[in-house]
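J.: Here's a structure for you.
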Amino acid sequence: MTFIQVIAGGLLLGAVYALFSSGLTLIWGMMNVINFAHGEFVMIGMYLAFLIVTYLHGGPLAFGPAATAFLFLLGIIVYYSLIRHVIRGPMLAQILSTFGLALFLRYLAFFIFSANFKTLPEDLLPGVLNIGGILIGVPQLVAGIVAIVLTVGLHLLLTRTAVGSQLLAVAEDRQAAMLMGIRPDRMQAIAWGLSGAGAGIAGALIATFYYISPTVGESLVLTGFVVVALGGFGSVPGALVAGLVVGVIQSLSAYRFGPVNKDVVVYALFVLILWVRPEGLFGKAGA
Amino acid sequence: MKRLLVASILALFASAAAAENVKVGALYPLSGNAASAGAQTKAAIELAVEIINGQHPDVKGMPGTGLPGLNGGKIEVTFADHQGNPSTGQSQALRLIQQDKVTALIGAYQSSVTFASTAVAERYGIPFVVGDSVAANITGRGFKYVFRVTPVATDFAYNYLDFLKDVAATGQPVKNLAIVYENTDYGTSIADTLRKVIKERGFELTADIPYNANTTDVSSQVLQLKDKKPDAVIFVSYTADTILYMRTLKQLDYRPPVVIGDDSGFSDPAFIKNVGTISQGAVNRSAWDIGKPGSVTAKINELFKAKTGFDLDDTSGRNMQAMFVLADAINRAGSGKSDAIRDALKVTDLKPDQLMMGYKGVKFDDTGQNTLAATYLIQLQGDQYVAVWPARSATAKLQIPYKGW
């Protein structure tokens with residue numbers, strides 16, 4: 001019974017990892033940029049939720065969409081003000097610029113919100129479901145389901161809509177896409193917006209059961225990179241499966257081998273998979 | 001008249017020449033996972049320095065106040081952020097000593113950081129006063145410049161077990177214990193001591209769970225506890241992880257009969273503010289008590305609250321106390337020379353009425369450990385901690401079993 005409980009916990013955690021990582025993988029797939037500030041986007045989503053709950057007395061239905069919209073805009077702003085300029089520069093410039101952005105946002109949060117930990121009120125999404133002895137917190141369940149739905153939604157958007165085709169076209173061949181009348185700049189800005197939106201909603205969801213602090217992005221982003229690499233760079237379905245896999249492995253190994261060893265297991269598996277399949281689970285070879 | 005004028009001008013010059021400011025470096029985690037505790041501590045140290053430099057004349061009785069020994073000199077504190085990282089702690093200690101030319105150091109919250117940075121201070125002959133790091137290995141390395149004011153792991157371990165023995169005497173069965181601890185110097189050193197004392201006192205250890213304080217999820221640890229059903233759980237945790245544990249206990253609907261938190265995370269004001277309502281009955285240790293209105297401690301707390309919006313907590317209080325101990329030594333040394341401060345620290349002898357914390361005094365042994373340090377146990381009842389043990393200092397009745405939410 002405990003075993004199933006551990007797996008259930010891992011899946012719910014993994015779903016949020018997946019949502020968080022799908023934005024990261026999208027940016028990488030579109031333009032080979034690693035966004036080190038992605039964790040800070042999530043952090044901003046969490047603080048937005050906190051502000052809306054504290055000052056406007058809004059619930060999840062208010063702060064979820066608000067965080068999504070705000071971070072969508074922020075993504076676009078970051079693209080036009082920063083990324084567009086450094087993308088033509090050397091790889092190192094791109095890495096350092098997003099890393100710098102991460103530090104800037106993190107310490108801005110320290111400045112505005114102080115280092116004190118915050119949490120959303122306990123009664124925001126109250127309750128624990130008891131499904132045949134398996135206990136699942138309502139916030140985690142909501143977060144997990146919304147995360148899976150949104151990740152699948154992002155995948156459908158990319159593969160089944162005109163905007164998605166245009167996005168993929170730019171990713172595939174920028175020159176050819178331009179000849180077809182697609183504006184790569186606009187498409188890449190949309191990709192940053194979508195990526196930001198994913199981070200925003202992930203932050204709002206995580207905030208319902210997690211603590212909020214300026215450094216929270218730091219502890220999340222590393223897992224995000226593992227999920228992206230494991231799932232295959234640029235693959236949204238890959239991020240979904242890899243997120244769930246990492247969540248379950250973390251939970252199981254923490255339970256079986258002790259919490260200090262869980263990352264040993266996760267990273268050992270990570271290295272093993274990259275050794276066998278360097279392109280990740282869902283990546284295209286040579287991509 | 002003329003002579004008087006000349007004399008007074010001379011006196012002015014004399015005092016100006018003798019007025020030597022003493023630079024103290026303070027190492028704390030101002031960013032990173034323990035940043036909230038670091039920020040509280042920074043505010044507490046700043047307040048201590050204001051009091052020492054004579055800005056709050058209504059706070060009376062703290063040693064070194066006004067610094068008469070320095071002839072008008074003041075204490076200046078430079079803060080450095082070590083982010084909770086031992087190697088950053090070392091480099092920041094070095095920076096404070098070499099660039100900022102501090103002649104004494106204070107710090108550093110995380111035991112692992114204190115362990116590393118005291119070694120730098122020792123090498124450069126700079127006295128280092130440890131306010132709150134409790135790992136046993138910080139003293140006893142033959143260092144001559146390290147002085148620790150706080151009680152240490154062994155003291156707490158005996159306190160907890162004596163407390164549990166008293167709880168058992170009330171009819172609540174307490175035999176099988178679990179310890180859950182973060183896996184750096186702080187957690188492991190207390191766990192090592194607890195393990196030894198648990199055995200010595202005839203209790204059973206049914207679960208021994210180390211974890212990484214940067215973890216994102218603690219449900220598997222809580223499930224392990226739920227499986228083993230200990231009679232009491234002792235958490236040795238920092239702030240972020242404490243919040244996660246309390247939330248996860250509720251989510252997985254598990255109430256250990258007795259919950260003891262070892263200070264740190266449980267003393268951070270963020271703990272009561274964020275998870276206080278679901279952690280009712282958690283027992284913590286503390287040497288800090290606000291005291292009666294009008295008392296020195298109440299005044300200090302008032303000033304602290306005006307500055308930060310929070311009541312002073314045990315961790316910040318112990319660091320503030322350490323700052324007073326250092327100021328007392330600087331005052332007696334009458335100079336900012338490191339060796340003079342060190343010699344003065346060595347012969348420190350403070351009585352309980354010269355302290356803001358509930359220690360029995362401050363007197364260092366040859367290893368630099370305060371032999372008169374003590375603590376008592378407090379319990380979260382409603383929205384504040386109340387003293388529940390030992391009986392002679394209790395202000396409220398212990399509520400057992402753990403209520404939670």
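Ordering of the structure tokens sets the chain letters (A, B, ...); residue numbers start at 1 within each chain; ligands are numbered from 1 in the order shown.
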Give me the residues near stretch 68-85 of chain A as JSON, numbers by chain, where near means some atom within 8 Å (using only C-alpha atoms) and where sequence neighbours in that chain fewer than 4 positions away do not count.
T.: {"A": [41, 44, 45, 64, 89, 94, 97, 185, 188, 189, 190, 192, 193, 194, 195, 196, 197, 198, 199, 200, 201]}
J.: Could you take the residues named above and write them with N, CA and C atoms, as a short mmCIF file (atom, residue, chain, number, x, y, z; two decimals), in the first residue's frame?
T.:
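Output file part10.cif follows:
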```cif
data_model
loop_
_atom_site.label_atom_id
_atom_site.label_comp_id
_atom_site.auth_asym_id
_atom_site.auth_seq_id
_atom_site.Cartn_x
_atom_site.Cartn_y
_atom_site.Cartn_z
N PHE A 41 11.30 32.39 -13.63
CA PHE A 41 9.95 32.61 -14.16
C PHE A 41 8.92 31.91 -13.26
N ILE A 44 8.47 33.80 -10.11
CA ILE A 44 7.61 34.97 -10.28
C ILE A 44 6.14 34.54 -10.29
N GLY A 45 5.86 33.42 -10.96
CA GLY A 45 4.49 32.90 -10.96
C GLY A 45 4.01 32.63 -9.54
N GLY A 64 -4.19 31.58 -11.28
CA GLY A 64 -3.68 30.69 -12.33
C GLY A 64 -3.59 31.43 -13.67
N GLY A 89 24.97 36.36 -31.23
CA GLY A 89 26.30 36.36 -30.64
C GLY A 89 26.76 34.93 -30.38
N GLN A 94 24.84 33.88 -24.99
CA GLN A 94 23.45 33.49 -24.70
C GLN A 94 23.33 32.89 -23.31
N SER A 97 23.76 35.56 -20.70
CA SER A 97 22.69 36.54 -20.61
C SER A 97 21.49 35.97 -19.86
N ASP A 185 10.97 36.22 -36.17
CA ASP A 185 11.05 36.98 -34.94
C ASP A 185 9.77 36.85 -34.13
N GLN A 188 9.41 33.35 -32.73
CA GLN A 188 10.28 33.07 -31.58
C GLN A 188 9.79 33.81 -30.34
N ALA A 189 9.25 35.01 -30.55
CA ALA A 189 8.68 35.73 -29.42
C ALA A 189 7.52 34.94 -28.83
N ILE A 190 6.68 34.36 -29.72
CA ILE A 190 5.55 33.55 -29.23
C ILE A 190 6.07 32.35 -28.45
N TRP A 192 8.78 32.18 -26.72
CA TRP A 192 9.19 32.65 -25.38
C TRP A 192 7.97 32.94 -24.53
N GLY A 193 6.95 33.48 -25.15
CA GLY A 193 5.71 33.74 -24.41
C GLY A 193 5.12 32.44 -23.89
N LEU A 194 5.03 31.43 -24.76
CA LEU A 194 4.46 30.14 -24.34
C LEU A 194 5.29 29.52 -23.23
N SER A 195 6.60 29.60 -23.41
CA SER A 195 7.50 29.03 -22.41
C SER A 195 7.30 29.72 -21.06
N GLY A 196 7.21 31.06 -21.11
CA GLY A 196 6.97 31.82 -19.88
C GLY A 196 5.64 31.45 -19.28
N ALA A 197 4.60 31.34 -20.13
CA ALA A 197 3.27 31.01 -19.63
C ALA A 197 3.28 29.67 -18.92
N GLY A 198 4.00 28.70 -19.51
CA GLY A 198 4.10 27.38 -18.87
C GLY A 198 4.75 27.50 -17.50
N ALA A 199 5.81 28.31 -17.43
CA ALA A 199 6.49 28.49 -16.15
C ALA A 199 5.55 29.19 -15.15
N GLY A 200 4.80 30.16 -15.65
CA GLY A 200 3.90 30.91 -14.78
C GLY A 200 2.84 30.03 -14.16
N ILE A 201 2.18 29.24 -15.00
CA ILE A 201 1.12 28.38 -14.46
C ILE A 201 1.73 27.31 -13.55
#
```
J.: Quick check: residues of chain B within 10 Å of chain A, only C-alpha atoms, returned as a PyMOL selection string.
T.: chain B and resi 30-40+182-183+208-224+226-227+239-241+243-244+247-248+250-253+268-271+273-275+277-278
J.: Go through A:Phe63, A:Tyr47, A:Gly234, A:Gly133 one by one, measure the shortest atom-to-atom distance of each to A:Leu168 using only C-alpha atoms, and give the residue with the smallest value.
T.: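 Checking each of A:Phe63, A:Tyr47, A:Gly234, A:Gly133 against A:Leu168, counting only C-alpha atoms, the winner is A:Gly234.
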J.: I need the residue nearest B:Gly291 from this list: B:Gln381, B:Pro256, B:Ser393, B:Ala19. Use only C-alpha atoms for the distance.
T.: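 Closest to B:Gly291, using only C-alpha atoms: B:Ser393.
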J.: Work out how far apart atom CA of B:Met356 and atom CA of B:Lys60 are and give it in Å to one decimal.
T.: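 Taking atom CA of B:Met356 as the start and atom CA of B:Lys60 as the end point, the length is 10.7 Å.
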J.: Could you tell me how far atom CA of B:Gln110 lies from atom CA of A:Phe225, in Å and to one decimal?
T.: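 Between atom CA of B:Gln110 and atom CA of A:Phe225 the gap works out to 28.3 Å.
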J.: Need the shell around B:Asp155: protein/DNA/RNA residues with any atom at most 9 Å away, counting only C-alpha atoms. Skip same-chain ones fewer than 3 positions apart. Format as an MDAnalysis selection string?
T.: chainID B and resid 151:152 158:160 373:375
J.: State, in Å with one decimal place, the distance from atom CA of B:Ile400 to atom CA of B:Asp311.
T.: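 About the pair atom CA of B:Ile400 and atom CA of B:Asp311: they are 25.8 Å apart.
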J.: B:Arg332: which residues within 8 Å, counting only C-alpha atoms, same-chain residues fewer than 3 positions away excluded, as a ChimeraX atom specification?
T.: /B:64,69,328-329,344
J.: Output as number ranges by chain all residues of stretch 31-114 of chain B that backbone DSSP marks as helix (DSSP H, G or I).
T.: B: 35-52, 68-70, 86-98, 111-114
J.: So, counting only C-alpha atoms, which residue among A:Leu11, A:Met178, A:Leu156, A:Leu101 is closest to A:Ile249?
T.: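 Of all the options, A:Leu11 lies closest to A:Ile249.
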J.: List the spatial neighbours of stretch 55-59 of chain B as number ranges by chain - criterion: any atom at most 8 Å away, only C-alpha atoms, same-chain residues fewer than 6 positions off excluded.
T.: B: 296, 299-300
J.: Write the residues you've just listed into a file as a compact mmCIF listing (two decimals), in the first residue's frame, and include C-alpha atoms for each of them.
T.:
```txt
# COMPACT_ATOMS: atom_id res chain seq x y z
CA VAL B 296 15.36 44.27 29.40
CA LYS B 299 12.59 46.07 25.54
CA ILE B 300 15.02 44.34 23.21
```
J.: Please list as an mmCIF file with N, CA, C and O atoms, in the first residue's frame every residue within 10 Å of A:Gly164, counting only C-alpha atoms and excluding residues in the same chain fewer than 4 positions away.
T.:
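Final output, saved to selection.cif:
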```cif
data_model
loop_
_atom_site.group_PDB
_atom_site.id
_atom_site.type_symbol
_atom_site.label_atom_id
_atom_site.label_comp_id
_atom_site.auth_asym_id
_atom_site.auth_seq_id
_atom_site.Cartn_x
_atom_site.Cartn_y
_atom_site.Cartn_z
ATOM 1 N N LEU A 154 -0.051 21.824 -25.045
ATOM 2 C CA LEU A 154 1.072 22.480 -25.722
ATOM 3 C C LEU A 154 1.538 21.636 -26.902
ATOM 4 O O LEU A 154 1.817 22.150 -27.991
ATOM 5 N N HIS A 155 1.571 20.331 -26.673
ATOM 6 C CA HIS A 155 1.989 19.423 -27.745
ATOM 7 C C HIS A 155 1.012 19.515 -28.922
ATOM 8 O O HIS A 155 1.422 19.589 -30.083
ATOM 9 N N LEU A 156 -0.304 19.523 -28.617
ATOM 10 C CA LEU A 156 -1.309 19.618 -29.679
ATOM 11 C C LEU A 156 -1.194 20.945 -30.413
ATOM 12 O O LEU A 156 -1.316 21.002 -31.633
ATOM 13 N N LEU A 157 -0.952 22.008 -29.639
ATOM 14 C CA LEU A 157 -0.798 23.330 -30.252
ATOM 15 C C LEU A 157 0.334 23.315 -31.274
ATOM 16 O O LEU A 157 0.225 23.864 -32.375
ATOM 17 N N LEU A 158 1.412 22.655 -30.905
ATOM 18 C CA LEU A 158 2.572 22.631 -31.788
ATOM 19 C C LEU A 158 2.328 21.771 -33.019
ATOM 20 O O LEU A 158 2.794 22.089 -34.110
ATOM 21 N N THR A 159 1.598 20.672 -32.850
ATOM 22 C CA THR A 159 1.488 19.714 -33.950
ATOM 23 C C THR A 159 0.196 19.861 -34.757
ATOM 24 O O THR A 159 0.134 19.410 -35.889
ATOM 25 N N ARG A 160 -0.831 20.494 -34.181
ATOM 26 C CA ARG A 160 -2.122 20.481 -34.871
ATOM 27 C C ARG A 160 -2.624 21.856 -35.313
ATOM 28 O O ARG A 160 -3.719 21.953 -35.844
ATOM 29 N N LEU A 168 7.218 25.409 -35.644
ATOM 30 C CA LEU A 168 8.107 24.298 -35.984
ATOM 31 C C LEU A 168 8.887 24.600 -37.261
ATOM 32 O O LEU A 168 10.035 24.199 -37.399
ATOM 33 N N ALA A 169 8.243 25.313 -38.177
ATOM 34 C CA ALA A 169 8.926 25.655 -39.424
ATOM 35 C C ALA A 169 10.144 26.529 -39.148
ATOM 36 O O ALA A 169 11.227 26.320 -39.705
ATOM 37 N N VAL A 170 9.962 27.498 -38.244
ATOM 38 C CA VAL A 170 11.091 28.369 -37.898
ATOM 39 C C VAL A 170 12.192 27.562 -37.233
ATOM 40 O O VAL A 170 13.380 27.749 -37.502
ATOM 41 N N MET A 187 7.510 34.547 -34.375
ATOM 42 C CA MET A 187 7.316 33.164 -33.923
ATOM 43 C C MET A 187 8.168 32.868 -32.681
ATOM 44 O O MET A 187 7.720 32.225 -31.740
ATOM 45 N N ALA A 191 7.145 31.745 -28.955
ATOM 46 C CA ALA A 191 7.705 30.596 -28.234
ATOM 47 C C ALA A 191 8.142 31.013 -26.833
ATOM 48 O O ALA A 191 7.879 30.310 -25.855
#
```
J.: List the spatial neighbours of stretch 130-141 of chain B as JSON, numbers by chain - criterion: any atom at most 9 Å away, only C-alpha atoms, same-chain residues fewer than 4 positions off excluded.
T.: {"B": [105, 106, 107, 108, 109, 110, 111, 112, 113, 114, 115, 116, 118, 146, 147, 148, 149, 150, 151, 152, 153, 154, 185, 186, 187, 188, 189, 190, 193, 315, 316, 317, 318, 319, 320, 321, 322, 323, 366, 367, 368, 369]}
